[in-house]
Each structure stands twice: as C-alpha cells, then as structure tokens.
Number of protein chains: 2
Amino acid sequence: MSIKPTLHTVLSPRLLDLYDVSDSIVVVIDVFRATSTIATALYNGAEKVIPVDSVDQCIEIGKRTGGITAGERDGKVIPGLSYGNSPAEYPRSFIEGKTLVLTTTNGTKLLHMALNKGAAEVVTGSFPNISAVCRFLASQQKNVFLGCSAWKDRFNLEDALFAGAIIHEIKDHFTIHCDSSLMAADMYEMHRNNMNSFIRRTTHWHRLASYGLEKDLEYCVSRDVADVLPIYRNGDLVVG
Amino acid sequence: MSIKPTLHTVLSPRLLDLYDVSDSIVVVIDVFRATSTIATALYNGAEKVIPVDSVDQCIEIGKRTGGITAGERDGKVIPGLSYGNSPAEYPRSFIEGKTLVLTTTNGTKLLHMALNKGAAEVVTGSFPNISAVCRFLASQQKNVFLGCSAWKDRFNLEDALFAGAIIHEIKDHFTIHCDSSLMAADMYEMHRNNMNSFIRRTTHWHRLASYGLEKDLEYCVSRDVADVLPIYRNGDLVVG
C-alpha cells in the first residue's frame, strides 16, 4: 500500500513559514478576485499572465513585453495602468494571444514566498478552475499546501471556503492532520448549497460590493467556467 | 444611541500584530489546557497563578514565592517541576490559598505579546469559565480581541470554537466586521450540540489522548464548572 501525501491549509501568508513546502505543490488562492481573473484570462486564450506586486514593475514589464497592464485600487484602475482586476474585462475577443501583466498584492506576495521557500510547483486556484486544480493535485503524489492569500494577512472566509471545496473533492488522496483543513472542509459543507448568500456575509463582499462589483463576485464563486490550470514557469503563469 | 465597541478574533499569536489592541481587552484562549487549568485553580481558591514561559523561570519564581511549580512536556511533568498541566491536579483541598507557577508555551507567549502591545486588560478564557468572561466583556464598553493561543502558531479548532462560543453569547453588544469571528461563530453553531465528538476530531486530541488525557479534555469543554474571571495584575493572574 502506498503512503498518501499530506495536505495542509495555510490561512494567511503570515503563517506560511510554519510549514516546510519544499518539494510540494502550493496552490495560491485569492478568490476575490486575482486567481479567478488569472484562470479566466488563460482560459480565454491569454498567452500568459505575469503576476507582479508593484505598479512600477507592472508598467516596466508592460513596456518590455508589450503586455496589457492591469490593476485596481479602491475599485478603480490604477493611474498608469490600462485595465482593472475584473475577470469580465478579459473575454476571448480581447485577451486571446496576449500577455496580461497583473498587479495584485495579497496573491502575488504569497506566490513569491512559496517560490522562495522551495515549492516544487505553484499553481493558482479559484472556483472558475476548481476541477482543473483538483485533477492536478490528485495526480501528482506530492504533498499539497492550500495557500489562502487572505486580506492584508488577515484570514478571509472566501479563500478558506475554496480550500474546503478542494478538500471535499480530493480528500481521499491525502493524509490530512491539519485543523485548518478540517475547519475549511466544515465551512464548505455548511455553506456549499447557499454560496451566493454566504459570500454576502464576507468582509470582502462589503468592501467590493460598495464599488458595484456584485456580478464579479458571483462569477468568482461559479465552478468550472474557466477550467484551466495556471502553473508558474519562469516568472509567468501559463496553462499547465 | 451609543456606538458599540468592536470585536475581533485573532487565530494565531503570529497574527496579533495585524491589530491595534491598545486600550482594548484581550482574552487569551488556550482550551487544551492552560486556560482551563488557570480558571480551575483560581476557582478552587488559589491565591494567584503566575504564567511563565520557561522552565528556568518557573523554578526561580517557585523558589522565590514558595509557589507550586507546574508544567508538562509530552504528557509528563517536566524534570525540576512538581506538578503537571491537568486541571484535575488542582482540587480545592490541594490548591486553596497557594500560588501556582505555571509553565505554558502557546498561551503565555500570547499573554505577554498582548501586554507589550498595550492591551488595557488581559483575561483568560475557557469553557469552564465562559460565563464569567462573557459577563465581563459585555459590561466594559471596550473593544475586544479573542486571542487564540493556537499550537506552535498553527490554527487550532478548539480555541476557535471557544471564540465562537463567546461570540454566540455576546454578539449583540459588539460591532463585528471580522471574517475570523464569523468563521468561529459558524464553527460553534455547527458543533455546539456534539462537543464531545467534535473534540475527538482535533489534532490536539490526537496528540494528548495518546497520553491518556481523555477525561481532562472532556473537562476542558465543560461549561461553567470553574466560573471565575482570571485577570492579569502585575505579573499575576488573580480573580477579577
């Protein structure tokens, strides 16, 4: 009988260094909205998504690559960039064959931390691409860390709920001795049949809905509408 | 109409510095078993409990005060100390009128962090003294932080569940915009009617039950069996 790999859930980037992620797969989760937008752009034919953590870097890489620069602050496109963080801005008719240079804070920080700590693979996960992520994790025979990007390092409900949704699908493939994972699975079980009312309770909903982004947020909890696996390769997220 | 104070839940000591706890009440929670033992010793007449974070300090303070030194590692009394971490070791017939010098790691670290960051009051909470804690929090008109001691900074289920139990009792007195608190309250609602089976799922249960401490852990989720308020005053925890 083969030994199952382990699965842990990390509730904030601030907690990542409590774990040894070397030779493991880290799933970066930023449900509202970075990882949902990344999956959508790649599903719609973007050549790659370059995640960056500063506006200056976004502009510089945009110039060098001819890529589309994107990023928001307080619900508006950041001055100097061209587009926002909404998945709805990246239909196939616009993004196919292009490079998207995306400024995010929470998600990009976690991604770079995971790489610096020696993760074997970094992929991004969201409800729009949940099945692609689950298929990959179940097939690799490697330890898995579900990394919640959180909000300024504070725990958030939607990233934990997505971790729980992954665990619900693939738990039989892993050994799970991790209270964060048990909690995430419980939260998913409790709310899976009323996701749209659940997300209206989150602090993130109250922040973003005040900018009129309700349709975005409902898209971000829709399963498999952009079912590709974004995987990190030499600075880029590409379809795995 | 008066403005309600805020309530936040902090899921790990590692996350405490994301919050401004000055002029606030911090509740240190270490359900298995430090804060349950502290409440029990004070309820049974201990003059005070001195929480310390190292064995050397425990021995030194024990000598200076004539107090009872206590601490465990891997389910056994630490060499050089006299008693363990079990609430069952501190009945009235033994502890009344005495000083308990208690070595803990997770809980004491959080307590000292809260003091260093300027908390107005630090109290300790556990199921055995939940009503005393709730009465105090509801009466003070101060912001509250429910601080989970966690395990080596990793999230644990039992401390979050206790935070949820407090929120269940006193939520009407506070403004709560905090996903950690919403999660804790959900987890409590989900498990409140089957606590004894719930605690058997936690990683802490599996760690401690292997040392034969099942009765201890069941005591630690019993409500109001030691209903006093341990409050920090000049290095000591005393009945508030």
# chains A, B, ... in the order shown; residues from 1 in each chain; ligands from 1
>>> residues_around(residues="region 201-208 of chain A", least_positions_apart="2", cutoff="9 Å", atoms="only C-alpha atoms", output="PyMOL selection string")
(chain A and resi 32+74-75+151+156-158+197-199+210-214+217) or (chain B and resi 177-179+182)
>>> select_by_dssp(residues="region 48-117 of chain B", states="alpha helix (DSSP H)", output="list in words")
Val55, Asp56, Gln57, Cys58, Ile59, Glu60, Ile61, Gly62, Lys63, Arg64, Thr65, Arg92, Ser93, Phe94, Ile95, Asn106, Gly107, Thr108, Lys109, Leu110, Leu111, His112, Met113, Ala114, Leu115 and Asn116 of chain B
>>> residues_around(residues="Pro87 (chain A)", least_positions_apart="5", cutoff="10 Å", atoms="only C-alpha atoms", output="PyMOL selection string")
chain A and resi 33-41+216-217+219-220
>>> write_last_selection(atoms="N, CA, C and O atoms", output="PDB file, in the first residue's frame")
ATOM      1  N   ARG A  33     -10.169  38.872  -6.259  1.00  0.00           N
ATOM      2  CA  ARG A  33     -10.552  38.281  -7.490  1.00  0.00           C
ATOM      3  C   ARG A  33      -9.349  37.800  -8.296  1.00  0.00           C
ATOM      4  O   ARG A  33      -9.509  37.294  -9.391  1.00  0.00           O
ATOM      5  N   ALA A  34      -8.121  37.940  -7.749  1.00  0.00           N
ATOM      6  CA  ALA A  34      -6.932  37.726  -8.583  1.00  0.00           C
ATOM      7  C   ALA A  34      -6.877  36.356  -9.239  1.00  0.00           C
ATOM      8  O   ALA A  34      -6.657  36.253 -10.457  1.00  0.00           O
ATOM      9  N   THR A  35      -7.061  35.274  -8.450  1.00  0.00           N
ATOM     10  CA  THR A  35      -6.855  33.967  -9.078  1.00  0.00           C
ATOM     11  C   THR A  35      -8.044  33.592  -9.969  1.00  0.00           C
ATOM     12  O   THR A  35      -7.888  32.806 -10.902  1.00  0.00           O
ATOM     13  N   SER A  36      -9.211  34.174  -9.729  1.00  0.00           N
ATOM     14  CA  SER A  36     -10.346  33.974 -10.640  1.00  0.00           C
ATOM     15  C   SER A  36     -10.075  34.662 -11.982  1.00  0.00           C
ATOM     16  O   SER A  36     -10.392  34.137 -13.059  1.00  0.00           O
ATOM     17  N   THR A  37      -9.473  35.842 -11.927  1.00  0.00           N
ATOM     18  CA  THR A  37      -9.145  36.590 -13.144  1.00  0.00           C
ATOM     19  C   THR A  37      -8.028  35.902 -13.931  1.00  0.00           C
ATOM     20  O   THR A  37      -8.072  35.829 -15.161  1.00  0.00           O
ATOM     21  N   ILE A  38      -7.032  35.384 -13.227  1.00  0.00           N
ATOM     22  CA  ILE A  38      -5.926  34.665 -13.892  1.00  0.00           C
ATOM     23  C   ILE A  38      -6.459  33.458 -14.660  1.00  0.00           C
ATOM     24  O   ILE A  38      -6.126  33.246 -15.835  1.00  0.00           O
ATOM     25  N   ALA A  39      -7.307  32.655 -14.011  1.00  0.00           N
ATOM     26  CA  ALA A  39      -7.876  31.480 -14.692  1.00  0.00           C
ATOM     27  C   ALA A  39      -8.681  31.913 -15.920  1.00  0.00           C
ATOM     28  O   ALA A  39      -8.588  31.298 -16.991  1.00  0.00           O
ATOM     29  N   THR A  40      -9.446  32.976 -15.775  1.00  0.00           N
ATOM     30  CA  THR A  40     -10.323  33.426 -16.858  1.00  0.00           C
ATOM     31  C   THR A  40      -9.513  33.918 -18.059  1.00  0.00           C
ATOM     32  O   THR A  40      -9.818  33.576 -19.218  1.00  0.00           O
ATOM     33  N   ALA A  41      -8.475  34.708 -17.796  1.00  0.00           N
ATOM     34  CA  ALA A  41      -7.650  35.227 -18.896  1.00  0.00           C
ATOM     35  C   ALA A  41      -6.979  34.081 -19.651  1.00  0.00           C
ATOM     36  O   ALA A  41      -6.959  34.059 -20.891  1.00  0.00           O
ATOM     37  N   ASP A 216     -19.251  40.510 -10.555  1.00  0.00           N
ATOM     38  CA  ASP A 216     -17.910  39.937 -10.481  1.00  0.00           C
ATOM     39  C   ASP A 216     -17.819  38.888  -9.385  1.00  0.00           C
ATOM     40  O   ASP A 216     -17.258  37.812  -9.584  1.00  0.00           O
ATOM     41  N   LEU A 217     -18.320  39.237  -8.219  1.00  0.00           N
ATOM     42  CA  LEU A 217     -18.152  38.343  -7.078  1.00  0.00           C
ATOM     43  C   LEU A 217     -18.967  37.070  -7.270  1.00  0.00           C
ATOM     44  O   LEU A 217     -18.526  35.984  -6.906  1.00  0.00           O
ATOM     45  N   TYR A 219     -19.595  35.715 -10.181  1.00  0.00           N
ATOM     46  CA  TYR A 219     -18.793  34.938 -11.142  1.00  0.00           C
ATOM     47  C   TYR A 219     -17.664  34.200 -10.422  1.00  0.00           C
ATOM     48  O   TYR A 219     -17.375  33.035 -10.714  1.00  0.00           O
ATOM     49  N   CYS A 220     -17.040  34.868  -9.464  1.00  0.00           N
ATOM     50  CA  CYS A 220     -15.873  34.300  -8.768  1.00  0.00           C
ATOM     51  C   CYS A 220     -16.222  33.099  -7.887  1.00  0.00           C
ATOM     52  O   CYS A 220     -15.315  32.429  -7.389  1.00  0.00           O
TER      53      CYS A 220
END
>>> residues_around(residues="Ile130 (chain B)", least_positions_apart="5", cutoff="9 Å", atoms="only C-alpha atoms", output="ChimeraX atom specification")
/B:125,135,162,165-166,223-224,226-229
>>> write_last_selection(atoms="C-alpha atoms", output="mmCIF file, in the first residue's frame")
data_model
loop_
_atom_site.group_PDB
_atom_site.id
_atom_site.type_symbol
_atom_site.label_atom_id
_atom_site.label_comp_id
_atom_site.auth_asym_id
_atom_site.auth_seq_id
_atom_site.Cartn_x
_atom_site.Cartn_y
_atom_site.Cartn_z
ATOM 1 C CA GLY B 125 -10.955 32.279 28.837
ATOM 2 C CA ARG B 135 -20.275 38.952 31.715
ATOM 3 C CA PHE B 162 -14.379 28.704 22.096
ATOM 4 C CA ALA B 165 -18.993 30.265 21.842
ATOM 5 C CA ILE B 166 -18.172 33.682 23.318
ATOM 6 C CA ARG B 223 -19.131 24.981 30.675
ATOM 7 C CA ASP B 224 -19.017 26.998 33.869
ATOM 8 C CA ALA B 226 -14.976 26.939 37.313
ATOM 9 C CA ASP B 227 -16.808 30.200 36.763
ATOM 10 C CA VAL B 228 -14.314 32.880 37.773
ATOM 11 C CA LEU B 229 -12.595 35.646 35.801
#
>>> residues_around(residues="Phe94 (chain B)", least_positions_apart="2", cutoff="10 Å", atoms="only C-alpha atoms", output="list of chain:residue names")
B:Ala41, B:Asn44, B:Gly45, B:Ala46, B:Glu89, B:Tyr90, B:Pro91, B:Arg92, B:Glu96, B:Gly97, B:Lys98
>>> closest_residue(among="B:Ser180, B:Asn116, B:Ser222, B:Thr124", to="chain A", atoms="only C-alpha atoms")
B:Ser180
